[in-house]
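With mmCIF, C-alpha atoms inside, this is entry-v3.cif:
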data_model
#
loop_
_atom_site.label_atom_id
_atom_site.label_comp_id
_atom_site.auth_asym_id
_atom_site.auth_seq_id
_atom_site.Cartn_x
_atom_site.Cartn_y
_atom_site.Cartn_z
CA MET A 19 -7.07 1.24 -12.38
CA LYS A 20 -4.25 1.47 -9.87
CA ASN A 21 -4.81 3.01 -6.45
CA THR A 22 -2.77 6.15 -5.91
CA ALA A 23 -0.44 6.42 -2.93
CA GLN A 24 -2.88 8.87 -1.32
CA ASN A 25 -5.60 6.21 -1.36
CA LYS A 26 -3.48 3.57 0.32
CA SER A 27 -3.82 2.85 4.01
CA ILE A 28 -0.56 2.64 5.94
CA PRO A 29 -0.18 -0.33 8.29
CA GLU A 30 0.80 0.28 11.88
CA ILE A 31 4.05 -1.52 12.58
CA TYR A 32 5.60 -2.74 15.84
CA ALA A 33 9.00 -3.97 14.74
CA SER A 34 12.65 -3.01 14.34
CA LYS A 35 13.66 -0.28 11.89
CA SER A 36 14.96 -2.82 9.37
CA ILE A 37 11.77 -4.92 9.45
CA THR A 38 9.65 -1.76 9.30
CA LYS A 39 11.53 -0.61 6.20
CA TYR A 40 11.14 -4.07 4.64
CA ILE A 41 7.38 -4.00 5.22
CA MET A 42 6.96 -0.49 3.86
CA ASP A 43 8.96 -1.41 0.76
CA LEU A 44 6.44 -4.21 0.16
CA VAL A 45 3.50 -1.92 0.78
CA ASN A 46 4.77 0.76 -1.58
CA ILE A 47 4.78 -1.52 -4.64
CA ARG A 48 1.34 -3.05 -3.97
CA TYR A 49 -1.95 -1.60 -5.15
CA VAL A 50 -5.64 -2.28 -5.71
CA LYS A 51 -7.10 -2.48 -9.24
CA SER A 52 -10.63 -2.21 -10.53
CA GLY A 53 -12.36 -2.71 -13.86
CA LEU A 54 -10.82 -6.10 -14.66
CA THR A 55 -11.21 -7.43 -18.19
CA ILE A 56 -12.74 -10.69 -19.42
CA ASP A 57 -11.52 -11.98 -22.80
CA CYS A 58 -13.79 -13.96 -25.11
CA ILE A 59 -12.16 -16.74 -27.16
CA ALA A 60 -14.56 -18.01 -29.81
CA GLY A 61 -14.10 -21.77 -30.23
CA GLY A 62 -11.57 -21.71 -27.40
CA MET A 63 -9.91 -24.81 -25.97
CA ILE A 64 -9.06 -25.56 -22.36
CA VAL A 65 -5.99 -27.74 -22.70
CA ILE A 66 -4.78 -30.14 -20.00
CA ALA A 67 -1.57 -32.01 -20.77
CA GLU A 68 -0.53 -35.32 -19.25
CA LYS A 69 2.10 -33.53 -17.16
CA VAL A 70 0.79 -32.03 -13.95
CA GLN A 71 0.69 -28.24 -13.79
CA CYS A 72 0.57 -28.12 -17.57
CA PHE A 73 -2.64 -26.45 -18.78
CA GLY A 74 -4.15 -23.27 -20.23
CA VAL A 75 -6.62 -21.74 -22.65
CA PHE A 76 -5.85 -21.72 -26.38
CA ALA A 77 -7.46 -20.11 -29.40
CA PRO A 78 -8.64 -22.45 -32.22
CA ASN A 79 -5.36 -21.81 -34.09
CA GLY A 80 -3.33 -23.16 -31.16
CA ILE A 81 -2.16 -19.79 -29.80
CA PHE A 82 -1.96 -19.61 -26.00
CA VAL A 83 -4.21 -17.03 -24.31
CA GLU A 84 -1.91 -15.06 -22.01
CA GLN A 85 -4.73 -14.04 -19.69
CA SER A 86 -5.21 -17.69 -18.73
CA LEU A 87 -1.77 -17.88 -17.11
CA GLN A 88 -2.10 -18.94 -13.48
CA THR A 89 -1.87 -16.00 -11.07
CA ARG A 90 1.89 -15.86 -10.59
CA GLY A 91 2.78 -18.01 -13.55
CA LYS A 92 5.00 -19.96 -11.15
CA GLY A 93 4.83 -23.71 -11.55
CA GLN A 94 2.37 -23.65 -14.45
CA LEU A 95 3.69 -25.11 -17.67
CA ILE A 96 2.17 -24.00 -20.95
CA PRO A 97 1.32 -27.08 -23.08
CA ASP A 98 3.28 -27.28 -26.31
CA ASN A 99 2.44 -29.17 -29.50
CA VAL A 100 -1.28 -28.69 -28.91
CA VAL A 101 -3.34 -31.16 -30.92
CA LEU A 102 -6.12 -29.32 -32.75
CA GLU A 103 -8.12 -32.35 -33.95
CA ASN A 104 -10.42 -34.92 -32.32
CA ILE A 105 -10.99 -32.74 -29.26
CA PRO A 106 -14.33 -33.19 -27.45
CA TYR A 107 -16.58 -30.21 -28.27
CA PHE A 108 -19.24 -28.74 -25.98
CA ASP A 109 -21.76 -26.42 -27.56
CA TYR A 110 -22.03 -23.93 -24.72
CA ASP A 111 -20.20 -20.95 -23.29
CA ALA A 112 -17.67 -21.59 -20.52
CA VAL A 113 -15.96 -19.29 -18.05
CA TYR A 114 -12.39 -20.37 -17.29
CA LEU A 115 -11.55 -20.27 -13.57
CA GLY A 116 -8.00 -21.62 -13.45
CA ASN A 117 -6.92 -24.77 -11.65
CA VAL A 118 -7.47 -26.72 -8.44
CA ASP A 119 -5.00 -26.57 -5.54
CA ASP A 120 -5.12 -28.68 -2.39
CA ALA A 121 -3.90 -25.91 -0.06
CA PHE A 122 -6.85 -23.78 1.07
CA GLY A 123 -4.84 -20.61 1.60
CA HIS A 124 -3.24 -20.74 -1.83
CA TYR A 125 -6.53 -21.71 -3.45
CA ILE A 126 -8.47 -18.67 -2.22
CA LEU A 127 -5.65 -16.28 -3.13
CA GLU A 128 -4.31 -17.70 -6.38
CA HIS A 129 -6.83 -20.11 -7.91
CA TRP A 130 -10.33 -18.84 -7.13
CA THR A 131 -9.56 -15.30 -8.25
CA ARG A 132 -11.50 -15.34 -11.53
CA SER A 133 -14.83 -16.35 -10.01
CA TYR A 134 -15.99 -12.73 -9.76
CA ALA A 135 -17.35 -13.23 -13.30
CA PHE A 136 -20.30 -15.06 -11.73
CA LEU A 137 -21.38 -11.81 -10.07
CA ASN A 138 -21.92 -10.27 -13.51
CA GLU A 139 -25.37 -11.02 -14.96
CA LYS A 140 -23.83 -11.57 -18.41
CA TYR A 141 -22.00 -14.70 -17.25
CA LYS A 142 -24.25 -15.94 -14.44
CA THR A 143 -25.93 -18.75 -16.41
CA MET A 144 -22.77 -20.00 -18.14
CA LYS A 145 -20.75 -23.05 -17.20
CA PHE A 146 -17.84 -22.33 -14.87
CA VAL A 147 -14.85 -24.58 -15.55
CA ILE A 148 -11.91 -25.28 -13.27
CA VAL A 149 -9.02 -27.54 -14.27
CA ASN A 150 -7.98 -30.55 -12.20
CA ASP A 151 -4.50 -30.75 -13.70
CA MET A 152 -3.11 -32.51 -10.59
CA ARG A 153 -5.81 -35.21 -10.92
CA PHE A 154 -6.86 -34.93 -7.28
CA ASN A 155 -9.15 -37.78 -6.33
CA PRO A 156 -11.17 -36.72 -4.51
CA VAL A 157 -10.99 -33.01 -5.24
CA PRO A 158 -10.64 -31.04 -1.98
CA ASN A 159 -14.05 -30.36 -0.48
CA PHE A 160 -13.50 -26.59 -0.25
CA VAL A 161 -13.35 -26.35 -4.07
CA THR A 162 -17.00 -27.34 -4.54
CA LYS A 163 -18.01 -25.69 -1.26
CA LEU A 164 -16.77 -22.26 -2.32
CA ALA A 165 -18.56 -22.59 -5.67
CA TYR A 166 -21.76 -23.50 -3.85
CA LEU A 167 -21.42 -20.63 -1.37
CA LEU A 168 -20.79 -18.14 -4.17
CA GLY A 169 -24.05 -19.32 -5.72
CA ILE A 170 -22.89 -21.27 -8.77
CA PRO A 171 -25.41 -24.08 -9.43
CA SER A 172 -23.78 -27.51 -9.14
CA GLU A 173 -24.80 -28.37 -12.71
CA ASN A 174 -22.92 -25.30 -13.96
CA PHE A 175 -19.70 -25.97 -12.05
CA ILE A 176 -17.41 -28.27 -14.05
CA ILE A 177 -14.17 -29.80 -12.81
CA LEU A 178 -12.30 -30.66 -16.01
CA ASP A 179 -9.49 -33.21 -16.31
CA LYS A 180 -9.14 -33.57 -20.08
CA THR A 181 -8.70 -31.18 -22.99
CA SER A 182 -12.01 -29.84 -24.29
CA LYS A 183 -13.30 -27.29 -26.79
CA PHE A 184 -16.24 -24.93 -26.22
CA ARG A 185 -18.44 -22.60 -28.21
CA ASN A 186 -16.83 -19.67 -26.39
CA VAL A 187 -14.34 -19.59 -23.55
CA TYR A 188 -14.41 -16.48 -21.40
CA VAL A 189 -11.14 -15.82 -19.56
CA PRO A 190 -11.39 -13.33 -16.67
CA GLU A 191 -8.32 -11.38 -15.64
CA SER A 192 -6.96 -12.65 -12.33
CA ALA A 193 -8.31 -10.52 -9.47
CA PHE A 194 -5.31 -11.05 -7.21
CA LYS A 195 -1.60 -11.26 -7.90
CA LEU A 196 0.23 -12.52 -4.86
CA VAL A 197 3.28 -10.29 -5.03
CA ARG A 198 1.79 -7.17 -6.60
CA TYR A 199 -1.93 -6.31 -6.59
CA SER A 200 -5.42 -7.01 -5.35
CA SER A 201 -8.70 -5.67 -6.73
CA ILE A 202 -12.16 -4.48 -5.84
CA GLU A 203 -13.54 -7.54 -7.64
CA PHE A 204 -11.44 -9.83 -5.44
CA GLY A 205 -13.03 -8.38 -2.32
CA GLU A 206 -16.49 -8.73 -3.87
CA ILE A 207 -16.04 -12.51 -4.33
CA TYR A 208 -15.68 -13.09 -0.61
CA ALA A 209 -18.23 -10.46 0.41
CA LYS A 210 -20.82 -12.39 -1.64
CA ILE A 211 -19.78 -15.72 -0.13
CA ALA A 212 -20.09 -14.26 3.39
CA GLU A 213 -23.51 -12.85 2.50
CA ASN A 214 -24.69 -16.28 1.36
CA VAL A 215 -23.68 -17.85 4.70
CA LYS A 216 -26.79 -17.10 6.77
CA LYS A 217 -25.39 -18.17 10.13
CA GLU A 218 -23.43 -15.59 12.10
CA TYR A 219 -21.97 -15.03 15.56
CA ASP A 220 -21.76 -12.02 17.87
CA PHE A 221 -18.01 -12.23 18.51
CA GLU A 222 -16.49 -8.86 17.63
CA LYS A 223 -12.98 -9.86 18.70
CA ILE A 224 -11.44 -13.11 17.47
CA TYR A 225 -7.98 -14.64 17.79
CA VAL A 226 -7.24 -17.40 15.23
CA SER A 227 -4.74 -19.78 16.80
CA ARG A 228 -2.17 -22.18 15.35
CA ALA A 229 -1.72 -23.86 18.74
CA GLY A 230 -3.96 -26.77 17.78
CA LEU A 231 -2.00 -27.70 14.63
CA LYS A 232 -0.25 -31.05 14.57
CA GLN A 233 2.40 -29.68 12.22
CA ARG A 234 3.97 -26.23 12.04
CA LYS A 235 2.48 -25.03 15.31
CA VAL A 236 3.98 -21.86 16.77
CA TYR A 237 5.59 -22.41 20.15
CA GLY A 238 4.78 -19.86 22.82
CA GLU A 239 1.51 -18.88 21.16
CA GLU A 240 -0.65 -20.12 24.05
CA LYS A 241 0.87 -17.50 26.37
CA VAL A 242 0.36 -14.70 23.86
CA GLN A 243 -3.20 -15.67 22.99
CA SER A 244 -4.11 -15.91 26.69
CA ILE A 245 -3.56 -12.14 26.95
CA PHE A 246 -5.84 -11.58 23.97
CA LYS A 247 -8.42 -13.83 25.65
CA LYS A 248 -8.24 -11.76 28.86
CA ASN A 249 -9.07 -8.73 26.73
CA GLY A 250 -12.24 -10.10 25.19
CA TYR A 251 -10.95 -12.13 22.24
CA HIS A 252 -12.70 -15.38 21.38
CA ILE A 253 -10.07 -18.06 20.59
CA VAL A 254 -10.73 -20.02 17.39
CA TYR A 255 -8.88 -23.02 15.93
CA PRO A 256 -9.99 -22.75 12.26
CA GLU A 257 -8.75 -26.17 11.13
CA GLN A 258 -11.18 -27.77 13.61
CA LEU A 259 -14.25 -26.09 12.08
CA PRO A 260 -16.21 -26.55 8.84
CA LEU A 261 -15.62 -23.79 6.29
CA GLU A 262 -19.09 -22.29 6.74
CA GLU A 263 -18.50 -21.99 10.49
CA GLN A 264 -15.22 -20.18 9.88
CA ILE A 265 -16.94 -17.73 7.55
CA ALA A 266 -19.85 -17.21 9.95
CA LEU A 267 -17.43 -16.30 12.73
CA MET A 268 -15.83 -13.60 10.59
CA LYS A 269 -19.02 -11.78 9.59
CA ASN A 270 -19.39 -9.66 12.72
CA CYS A 271 -15.72 -9.65 13.66
CA LYS A 272 -14.36 -6.13 14.15
CA SER A 273 -10.87 -7.13 15.35
CA LEU A 274 -9.10 -10.23 14.04
CA ALA A 275 -5.72 -11.27 15.48
CA GLY A 276 -3.36 -14.19 14.96
CA CYS A 277 -0.02 -15.34 13.61
CA ALA A 278 0.79 -14.73 9.96
CA GLY A 279 -0.65 -17.49 7.80
CA THR A 280 -3.77 -18.91 6.17
CA ALA A 281 -6.02 -18.52 9.22
CA LEU A 282 -5.58 -14.75 9.14
CA HIS A 283 -6.64 -14.73 5.48
CA LEU A 284 -10.16 -15.31 6.81
CA ALA A 285 -10.21 -11.52 7.03
CA LEU A 286 -11.56 -11.83 3.46
CA PHE A 287 -14.95 -12.58 5.01
CA MET A 288 -15.01 -9.57 7.36
CA TYR A 289 -17.03 -6.43 6.73
CA GLU A 290 -15.30 -3.18 5.86
CA GLY A 291 -13.74 -1.00 8.55
CA GLY A 292 -12.36 -3.70 10.86
CA ASN A 293 -8.87 -4.23 12.24
CA VAL A 294 -6.46 -7.08 11.52
CA TYR A 295 -3.52 -7.73 13.86
CA GLN A 296 -0.88 -9.89 12.20
CA ILE A 297 1.79 -11.42 14.46
CA ARG A 298 5.12 -12.13 12.81
CA ARG A 299 6.51 -15.57 13.74
CA ASN A 300 9.90 -15.64 11.99
CA LYS A 301 13.19 -13.71 12.15
CA ILE A 302 14.33 -13.68 8.51
CA LYS A 303 12.77 -10.73 6.68
CA ASP A 304 10.89 -12.90 4.19
CA GLY A 305 7.27 -12.93 5.36
CA ASN A 306 3.72 -12.55 4.11
CA CYS A 307 2.88 -9.09 5.39
CA GLY A 308 2.59 -7.94 1.77
CA THR A 309 -0.01 -10.63 1.11
CA GLN A 310 -2.02 -9.75 4.20
CA TYR A 311 -1.79 -6.09 3.25
CA LEU A 312 -3.36 -6.79 -0.16
CA ILE A 313 -6.19 -8.68 1.54
CA THR A 314 -6.89 -5.86 3.99
CA GLU A 315 -6.73 -3.24 1.22
CA ALA A 316 -9.24 -5.15 -0.93
CA LYS A 317 -11.58 -5.42 2.06
CA LYS A 318 -10.91 -1.87 3.37
CA LEU A 319 -9.57 -3.10 6.70
CA HIS A 320 -6.75 -1.63 8.77
CA LEU A 321 -3.62 -3.77 9.26
CA THR A 322 -1.37 -3.73 12.31
CA TYR A 323 1.86 -5.71 12.15
CA ILE A 324 3.60 -7.00 15.30
CA ASP A 325 7.01 -8.70 15.22
CA ALA A 326 6.82 -11.17 18.12
CA SER A 327 9.42 -13.72 17.00
CA ILE A 328 11.94 -14.73 19.66
CA GLU A 329 13.38 -17.71 17.80
CA LYS A 330 17.01 -18.76 18.23
CA TYR A 331 17.35 -20.33 14.79
CA LYS A 332 16.21 -17.82 12.18
CA THR A 333 13.54 -18.99 9.76
CA ARG A 334 11.51 -17.71 6.83
CA HIS A 335 7.74 -17.41 7.06
CA GLY A 336 6.71 -20.60 5.27
CA GLU A 337 9.51 -22.96 6.30
CA ASN A 338 8.84 -26.32 7.90
CA LYS A 339 10.97 -25.42 10.90
CA ALA A 340 10.26 -24.76 14.55
CA GLN A 341 9.14 -21.18 15.26
CA ILE A 342 8.43 -19.42 18.54
CA ILE A 343 6.84 -16.13 19.61
CA GLY A 344 6.66 -14.35 22.95
CA VAL A 345 5.74 -11.13 24.69
CA ASN A 346 8.83 -9.22 23.54
CA ASP A 347 9.20 -5.42 23.53
CA ASN A 348 7.22 -5.09 20.27
CA MET A 349 4.30 -7.10 21.61
CA LYS A 350 4.28 -5.29 24.96
CA ARG A 351 4.29 -1.90 23.21
CA PHE A 352 1.33 -3.03 21.10
CA PHE A 353 -0.57 -4.13 24.21
CA ASP A 354 0.16 -0.85 26.01
CA ASP A 355 -0.76 1.35 23.04
CA ASN A 356 -4.08 -0.45 22.62
CA GLY A 357 -5.12 -0.52 26.26
CA PHE A 358 -4.70 -4.25 26.84
CA LYS A 359 -4.82 -5.41 30.44
CA TYR A 360 -2.34 -7.99 31.67
CA SER A 361 -0.53 -9.11 34.81
CA PRO A 362 3.23 -9.35 35.47
CA ASN A 363 2.92 -13.14 35.15
CA ASP A 364 1.66 -12.74 31.59
CA LEU A 365 4.98 -11.14 30.64
CA GLU A 366 7.19 -13.85 32.13
CA PHE A 367 9.37 -15.87 29.79
CA ASP A 368 7.71 -19.18 28.83
CA LYS A 369 10.47 -21.64 29.74
CA GLU A 370 8.41 -24.72 28.93
CA ALA A 371 7.59 -23.49 25.43
CA TRP A 372 11.25 -22.56 24.90
CA GLU A 373 12.44 -26.07 25.80
CA GLU A 374 9.83 -27.63 23.49
CA TYR A 375 10.91 -25.27 20.73
CA LEU A 376 14.61 -26.19 21.09
CA LEU A 377 13.79 -29.89 21.12
CA GLN A 378 11.70 -29.64 17.96
CA ALA A 379 14.30 -27.45 16.23
CA LYS A 380 17.01 -30.06 16.84
CA LYS A 381 14.72 -32.87 15.68
CA LEU A 382 13.88 -31.10 12.43
CA GLU A 383 17.53 -30.24 11.81
CA ALA A 384 18.45 -33.93 12.19
CA LEU A 385 15.79 -34.85 9.64
CA ARG A 386 17.05 -32.14 7.31
CA LEU A 387 20.64 -33.43 7.51
CA GLU A 388 19.45 -36.97 6.84
CA ARG A 389 17.45 -35.82 3.82
CA TYR A 390 20.35 -33.88 2.29
CA GLY A 391 23.12 -36.32 3.11
CA GLY A 392 24.70 -34.22 5.84
CA LYS A 393 24.93 -31.02 3.76
CA SER A 394 24.69 -27.80 5.75
CA GLU A 395 21.82 -25.41 5.10
CA PHE A 396 24.28 -23.00 3.49
CA GLN A 397 25.48 -25.70 1.08
CA VAL A 398 21.92 -26.70 0.13
CA ASN A 399 20.88 -23.09 -0.48
CA LEU A 400 24.02 -22.46 -2.54
CA LEU A 401 23.39 -25.53 -4.70
CA HIS A 402 19.78 -24.44 -5.29
CA LYS A 403 21.03 -21.05 -6.46
CA ILE A 404 23.53 -22.68 -8.81
CA VAL A 405 20.79 -24.91 -10.28
CA LYS A 406 18.57 -21.89 -10.79
CA PHE A 407 21.38 -19.95 -12.46
CA LEU A 408 22.33 -22.78 -14.83
CA ALA A 409 18.69 -23.30 -15.79
CA CYS A 410 18.51 -19.69 -17.01
CA PHE A 411 20.48 -20.73 -20.11
CA ILE A 412 17.80 -23.21 -21.20
CA TYR A 413 15.19 -21.53 -23.41
CA ASN A 414 12.29 -24.00 -23.33
CA ARG A 415 10.31 -23.88 -20.08
CA HIS A 416 9.55 -27.61 -20.05
CA LYS A 417 13.23 -28.42 -20.52
CA ARG A 418 14.19 -25.95 -17.75
CA VAL A 419 11.91 -27.75 -15.29
CA ALA A 420 13.25 -31.16 -16.30
CA PHE A 421 16.84 -29.88 -16.05
CA ARG A 422 16.34 -28.45 -12.56
CA THR A 423 14.69 -31.64 -11.32
CA LYS A 424 17.42 -33.87 -12.76
CA LEU A 425 20.25 -31.76 -11.32
CA ARG A 426 18.64 -31.52 -7.89
CA LYS A 427 18.28 -35.30 -7.80
CA ARG A 428 21.90 -35.77 -8.83
CA TRP A 429 23.12 -33.34 -6.16
CA GLY A 430 20.81 -34.73 -3.49
CA ILE A 431 18.87 -31.51 -2.84
CA LEU A 432 15.44 -32.43 -4.21
#
Can I see the file as structure tokens?
Amino acid sequence: MKNTAQNKSIPEIYASKSITKYIMDLVNIRYVKSGLTIDCIAGGMIVIAEKVQCFGVFAPNGIFVEQSLQTRGKGQLIPDNVVLENIPYFDYDAVYLGNVDDAFGHYILEHWTRSYAFLNEKYKTMKFVIVNDMRFNPVPNFVTKLAYLLGIPSENFIILDKTSKFRNVYVPESAFKLVRYSSIEFGEIYAKIAENVKKEYDFEKIYVSRAGLKQRKVYGEEKVQSIFKKNGYHIVYPEQLPLEEQIALMKNCKSLAGCAGTALHLALFMYEGGNVYQIRRNKIKDGNCGTQYLITEAKKLHLTYIDASIEKYKTRHGENKAQIIGVNDNMKRFFDDNGFKYSPNDLEFDKEAWEEYLLQAKKLEALRLERYGGKSEFQVNLLHKIVKFLACFIYNRHKRVAFRTKLRKRWGIL
């Protein structure tokens, strides 16, 4: 069931008119669902092809089960020419969870979204199967840790790396679609995980910082986070803490702040009614405010969006390029509206961070030019668009992927 516009919360936005419009356009097409379905496939097969990212659930007659398509359907290949004979058979019911990913942020949003089935008594004692199509060895620790924290017994959690057939395969509808919807069930997954983490802290205000990252740190963040610290925020570097510690910190958090990214997705483990302050770190409109909005809607949190980017070279949200934030007019207005205390020195331009930012930006640009044989960013982007356009004329998905890869190699843009 889709939330009506009247039921939506509206984020508070500190940004230019164009960015504000961009954010609201994202918000207006996103919604929260409830009452997700779980399909039962008698004699179903979980197929894993030799190619990576090529997997899915099939009926005994070899027909692909559409509900097993990975959240966005991007990157997943549907196996063709499925062999129906000599497949290992397991005489028990299995719940299909999707596939493993080695990026924590993507995993919790796109790959762990079917696990709400475990919260239903009907499925609680079944085997829960997740596909290791990328053949990770070892599988990232957070995969088994999240299953354990949700309450799935280790003997019932199966990481599958070869095609298998089961008595019944239950395929839950995905509880989160990255560019469109979230769900009540999605929020319930992480509420249960938080409940099962017994440790908790008394910090009601937390700032999750990227300043400790070795790669893709945000320049200028130390100056911004120091103002939050002066106003009662506990500074946390999530990547330096075990997962259970990160979750424990969120349980009593009433106000969570930080730059856009995975760390702020820890809002999934907050209780209802809190505030999330997302700081924009890039100039190009493309960002993940829509993603954070879906998280806050599923958890019934209020989102405030602050555009603090002061970068010279415009970037997109997820690019591997230097990014910098500062106390610009948007950030100052946010501080003033919310009663933050600061000194004139806190507002001064961070010259040291700016110089570091420029140095890193030039270094990364040199590496980019070396990688693409001296092609400008405009040329590379144009060639990618041409490849994408030409691939549209190829019907078979496998052949489209192979075509794009071959052409990108030939043109030196892979």
Any chance you could resolve the PyMOL selection byres ((chain A and resi 123) around 10) against this file and give the residues as a PDB file with C-alpha atoms, in the coordinates of the input?
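Okay, expr-v4.pdb is ready:
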ATOM      1  CA  ASP A 119      -5.000 -26.570  -5.540  1.00  0.00           C
ATOM      2  CA  ASP A 120      -5.120 -28.680  -2.390  1.00  0.00           C
ATOM      3  CA  ALA A 121      -3.900 -25.910  -0.060  1.00  0.00           C
ATOM      4  CA  PHE A 122      -6.850 -23.780   1.070  1.00  0.00           C
ATOM      5  CA  HIS A 124      -3.240 -20.740  -1.830  1.00  0.00           C
ATOM      6  CA  TYR A 125      -6.530 -21.710  -3.450  1.00  0.00           C
ATOM      7  CA  ILE A 126      -8.470 -18.670  -2.220  1.00  0.00           C
ATOM      8  CA  LEU A 127      -5.650 -16.280  -3.130  1.00  0.00           C
ATOM      9  CA  GLU A 128      -4.310 -17.700  -6.380  1.00  0.00           C
ATOM     10  CA  HIS A 129      -6.830 -20.110  -7.910  1.00  0.00           C
ATOM     11  CA  GLY A 279      -0.650 -17.490   7.800  1.00  0.00           C
ATOM     12  CA  THR A 280      -3.770 -18.910   6.170  1.00  0.00           C
ATOM     13  CA  ALA A 281      -6.020 -18.520   9.220  1.00  0.00           C
ATOM     14  CA  LEU A 282      -5.580 -14.750   9.140  1.00  0.00           C
ATOM     15  CA  HIS A 283      -6.640 -14.730   5.480  1.00  0.00           C
ATOM     16  CA  LEU A 284     -10.160 -15.310   6.810  1.00  0.00           C
TER      17      LEU A 284
END
Best match for closeness to A:Gly305 among A:Gly169, A:Pro78, A:Gly336, A:Gly292, counting only C-alpha atoms: A:Gly336
Expansion of the PyMOL selection byres ((chain A and resi 291) around 10) into residues, as a PDB file with C-alpha atoms, keeping the file's coordinate frame:
ATOM      1  CA  LYS A 272     -14.360  -6.130  14.150  1.00  0.00           C
ATOM      2  CA  SER A 273     -10.870  -7.130  15.350  1.00  0.00           C
ATOM      3  CA  MET A 288     -15.010  -9.570   7.360  1.00  0.00           C
ATOM      4  CA  TYR A 289     -17.030  -6.430   6.730  1.00  0.00           C
ATOM      5  CA  GLU A 290     -15.300  -3.180   5.860  1.00  0.00           C
ATOM      6  CA  GLY A 292     -12.360  -3.700  10.860  1.00  0.00           C
ATOM      7  CA  ASN A 293      -8.870  -4.230  12.240  1.00  0.00           C
ATOM      8  CA  VAL A 294      -6.460  -7.080  11.520  1.00  0.00           C
ATOM      9  CA  THR A 314      -6.890  -5.860   3.990  1.00  0.00           C
ATOM     10  CA  LYS A 317     -11.580  -5.420   2.060  1.00  0.00           C
ATOM     11  CA  LYS A 318     -10.910  -1.870   3.370  1.00  0.00           C
ATOM     12  CA  LEU A 319      -9.570  -3.100   6.700  1.00  0.00           C
ATOM     13  CA  HIS A 320      -6.750  -1.630   8.770  1.00  0.00           C
TER      14      HIS A 320
END
Starting from the displayed file, determine the output of the PyMOL selection byres ((chain A and resi 308) around 10) and express the residue list as an mmCIF file with C-alpha atoms, keeping the file's coordinate frame.
data_model
loop_
_atom_site.group_PDB
_atom_site.id
_atom_site.type_symbol
_atom_site.label_atom_id
_atom_site.label_comp_id
_atom_site.auth_asym_id
_atom_site.auth_seq_id
_atom_site.Cartn_x
_atom_site.Cartn_y
_atom_site.Cartn_z
ATOM 1 C CA TYR A 40 11.140 -4.070 4.640
ATOM 2 C CA ILE A 41 7.380 -4.000 5.220
ATOM 3 C CA MET A 42 6.960 -0.490 3.860
ATOM 4 C CA ASP A 43 8.960 -1.410 0.760
ATOM 5 C CA LEU A 44 6.440 -4.210 0.160
ATOM 6 C CA VAL A 45 3.500 -1.920 0.780
ATOM 7 C CA ASN A 46 4.770 0.760 -1.580
ATOM 8 C CA ILE A 47 4.780 -1.520 -4.640
ATOM 9 C CA ARG A 48 1.340 -3.050 -3.970
ATOM 10 C CA LEU A 196 0.230 -12.520 -4.860
ATOM 11 C CA VAL A 197 3.280 -10.290 -5.030
ATOM 12 C CA ARG A 198 1.790 -7.170 -6.600
ATOM 13 C CA TYR A 199 -1.930 -6.310 -6.590
ATOM 14 C CA ASP A 304 10.890 -12.900 4.190
ATOM 15 C CA GLY A 305 7.270 -12.930 5.360
ATOM 16 C CA ASN A 306 3.720 -12.550 4.110
ATOM 17 C CA CYS A 307 2.880 -9.090 5.390
ATOM 18 C CA THR A 309 -0.010 -10.630 1.110
ATOM 19 C CA GLN A 310 -2.020 -9.750 4.200
ATOM 20 C CA TYR A 311 -1.790 -6.090 3.250
ATOM 21 C CA LEU A 312 -3.360 -6.790 -0.160
ATOM 22 C CA ILE A 313 -6.190 -8.680 1.540
ATOM 23 C CA THR A 314 -6.890 -5.860 3.990
#
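Put simply, atom CA of A:Glu383 is 8.2 Å away from atom CA of A:Lys339.
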Contacts of A:Gln71 within 6 Å, only C-alpha atoms, excl. fewer than 5 positions in-chain, as a ChimeraX atom specification: /A:94-95,151
Within 12 Å of A:Glu103 using all atoms listed in the file, minus same-chain residues under 2 positions, as an NGL selection string: :A and (63 or 78-80 or 99-101 or 105-107 or 181-183)
Now that the selection is made, can you save its residues with C-alpha atoms as a tab-separated table (two decimals), in the coordinates of the input?
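Written file, out19.tsv:
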chain	number	residue	atom	x	y	z
A	63	MET	CA	-9.91	-24.81	-25.97
A	78	PRO	CA	-8.64	-22.45	-32.22
A	79	ASN	CA	-5.36	-21.81	-34.09
A	80	GLY	CA	-3.33	-23.16	-31.16
A	99	ASN	CA	2.44	-29.17	-29.50
A	100	VAL	CA	-1.28	-28.69	-28.91
A	101	VAL	CA	-3.34	-31.16	-30.92
A	105	ILE	CA	-10.99	-32.74	-29.26
A	106	PRO	CA	-14.33	-33.19	-27.45
A	107	TYR	CA	-16.58	-30.21	-28.27
A	181	THR	CA	-8.70	-31.18	-22.99
A	182	SER	CA	-12.01	-29.84	-24.29
A	183	LYS	CA	-13.30	-27.29	-26.79
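Between A:Val254 and the candidates A:Asn348, A:Ser227, A:Asn270, A:Asn150, the tightest atom-to-atom separation, counting all atoms listed in the file, involves A:Ser227.
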